[in-house]
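A.B. asks: First the structure, which I've put down as structure tokens, then a few questions once you've had a look.
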Amino acid sequence: MIHWGIIGTGYIAGRFAASLKNESRSTLAAVSSRSQAKAEEFAKKFDAEKFYAGHDLLLADEKIDAVYIALPHALHKEFSIKALKAGKAVLCEKPATLSFSEMEEIAAIARAEKILFMEAMKPRFVPLYQKIKSARAEIGEIISVETSLCNLMELTGKTYHTQQGQGGALLDVGIYCASWLDDFLGEFTGVKKVTTKIESGVDFYVDAELDFGGKLGKLECAFDRKKPRQAILNGARGKIIIDELHRPQEMTINDKKISAPYEVDDFFGEINHFVNCLESGKTESEIMPLNSSLNCAKILDIIRKNF
């Protein structure tokens, strides 16, 4: 049995905890929050065995095997490193870090300590994703990949989404786009063009054309507009259009529609895979390896330098 700790008690942490109940080899051992009341409330709602008012207290719990980090972006690096040094396997919500250099530091520690670290890139673990991989032969060699994840969001009150440094569309939703480009185009080699809309130092819209060894990758993301949220794989003999690229369940291959519903929900696949890795003694995922997180962080870093 894998004893999990959840660091953070926000909306995403709740969705993760609800999905974790469906993983038969896992149990929620503890949850932590800055607030004693929030930690206790979350623990009662999701049947956690313990709750802590302080994330360091959770990491000191020797019973915990793995942690899910569901904190604001700026805290991911700090608590990922603390967890790894405490001997806990880490599943960290995306984006794993704010920068390539931060991801390099985490990767180095994970490899040195020989402890599993994985960025929680949910689309790679849903049933449709493997169907996409299998269908690549139908469209021939991939020439370009277009990704767009634009949301019209009401961002009012205190939210990390609009805070300089850790906010912005690129980090929050552009990371999903970067993951598709990394997996289907490979090593990122440079920027062709970047268009942005910046408000109070925070990117609300980004449209980037990128080079992947001579192949074109397009990354579009936004907080201020609504568009079809798609990944399009353009091949020599056709294309695959994936709807809702961050939570994909349907695709069209050369006018043929294919569906693949979730086994449970959009969190379950990554949880199940992570537990499989732990049980088999793996220190790195073959589906979302450290090099993918490094490449994705590099993509976002270089785009930001062209704002």
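The way I read the labels, and the way they are meant: chains A, B, ... in the order of the structure tokens, residue 1 as the first residue of every chain, and ligand 1 as the first ligand shown, with later ones counted on from there.
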Got a sec: who's within 8 Å of Ala83 in chain A, counting only C-alpha atoms, leaving out chain neighbours fewer than 5 positions off, as a ChimeraX atom specification?
C.D. replies: /A:59,67,88-90
A.B. asks: What are the closest atom pairs, with distances in Å to one decimal, for all residues of range 94-118 of chain A lying within 9 Å of range 293-306 of chain A? Consider only C-alpha atoms, order rows by chain and residue number, and present the result as JSON lines.
C.D. replies:
{"residue": "A:Pro95", "atom": "CA", "partner": "A:Ala297", "partner_atom": "CA", "distance": 8.1}
{"residue": "A:Ala96", "atom": "CA", "partner": "A:Ser293", "partner_atom": "CA", "distance": 7.5}
{"residue": "A:Thr97", "atom": "CA", "partner": "A:Ala297", "partner_atom": "CA", "distance": 7.4}
{"residue": "A:Leu98", "atom": "CA", "partner": "A:Ala297", "partner_atom": "CA", "distance": 7.6}
{"residue": "A:Ser99", "atom": "CA", "partner": "A:Ala297", "partner_atom": "CA", "distance": 5.8}
{"residue": "A:Phe100", "atom": "CA", "partner": "A:Ala297", "partner_atom": "CA", "distance": 4.8}
{"residue": "A:Ser101", "atom": "CA", "partner": "A:Ala297", "partner_atom": "CA", "distance": 8.5}
{"residue": "A:Glu102", "atom": "CA", "partner": "A:Ala297", "partner_atom": "CA", "distance": 8.9}
{"residue": "A:Met103", "atom": "CA", "partner": "A:Leu294", "partner_atom": "CA", "distance": 6.0}
{"residue": "A:Glu104", "atom": "CA", "partner": "A:Leu294", "partner_atom": "CA", "distance": 6.8}
{"residue": "A:Ala107", "atom": "CA", "partner": "A:Leu294", "partner_atom": "CA", "distance": 8.1}
{"residue": "A:Met118", "atom": "CA", "partner": "A:Ser293", "partner_atom": "CA", "distance": 8.3}
A.B. asks: Those same residues - N, CA, C and O atoms - I'd like them written as a compact mmCIF listing (two decimals), in the first residue's frame.
C.D. replies:
# COMPACT_ATOMS: atom_id res chain seq x y z
N PRO A 95 2.80 23.77 -13.64
CA PRO A 95 4.14 23.50 -14.13
C PRO A 95 5.03 23.09 -12.96
O PRO A 95 4.92 23.68 -11.86
N ALA A 96 5.90 22.13 -13.18
CA ALA A 96 6.73 21.66 -12.07
C ALA A 96 7.57 22.79 -11.49
O ALA A 96 7.80 22.83 -10.28
N THR A 97 8.00 23.70 -12.35
CA THR A 97 8.84 24.81 -11.88
C THR A 97 8.51 26.08 -12.66
O THR A 97 7.81 26.06 -13.66
N LEU A 98 9.09 27.19 -12.20
CA LEU A 98 8.92 28.48 -12.87
C LEU A 98 9.93 28.68 -14.00
O LEU A 98 9.76 29.57 -14.82
N SER A 99 10.99 27.86 -14.01
CA SER A 99 12.05 28.08 -14.99
C SER A 99 12.82 26.80 -15.27
O SER A 99 12.73 25.82 -14.53
N PHE A 100 13.61 26.85 -16.34
CA PHE A 100 14.46 25.71 -16.71
C PHE A 100 15.51 25.44 -15.63
O PHE A 100 15.77 24.29 -15.28
N SER A 101 16.09 26.49 -15.07
CA SER A 101 17.13 26.30 -14.06
C SER A 101 16.56 25.63 -12.81
O SER A 101 17.23 24.79 -12.19
N GLU A 102 15.35 25.98 -12.43
CA GLU A 102 14.71 25.32 -11.29
C GLU A 102 14.48 23.84 -11.58
O GLU A 102 14.70 22.98 -10.72
N MET A 103 14.05 23.53 -12.80
CA MET A 103 13.81 22.13 -13.16
C MET A 103 15.11 21.36 -13.21
O MET A 103 15.16 20.18 -12.84
N GLU A 104 16.18 22.00 -13.65
CA GLU A 104 17.50 21.35 -13.65
C GLU A 104 17.90 20.95 -12.23
O GLU A 104 18.45 19.86 -12.00
N ALA A 107 15.75 17.95 -11.09
CA ALA A 107 16.15 16.73 -11.81
C ALA A 107 17.46 16.18 -11.26
O ALA A 107 17.63 14.97 -11.09
N MET A 118 7.88 13.13 -10.78
CA MET A 118 7.14 13.23 -12.05
C MET A 118 6.25 14.47 -12.03
O MET A 118 5.57 14.73 -11.06
A.B. asks: Of the candidates A:Leu152, A:Leu58, A:Ile198, A:Leu185, which shows the shortest atom-to-atom distance to Gly167 in chain A, using only C-alpha atoms?
C.D. replies: A:Ile198
A.B. asks: Of the candidates A:Glu270, A:Glu286, A:Glu41, A:Asp255, which one gets nearest to Phe125 in chain A if we count only C-alpha atoms?
C.D. replies: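 Residue with the minimum atom-to-atom distance to Phe125 in chain A: A:Glu270.
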A.B. asks: Could you list, as a ChimeraX atom specification, every residue within 6 Å of range 33-38 of chain A, counting only C-alpha atoms and ignoring same-chain residues fewer than 6 positions away?
C.D. replies: /A:8,53-54
A.B. asks: Quick one: pick out all helix (DSSP H, G or I) residues within range 57-305 of chain A from a backbone DSSP run and write them as a PyMOL selection string.
C.D. replies: chain A and resi 57-59+73-85+100-113+122-125+127-139+160-162+169-185+268-279+290-305
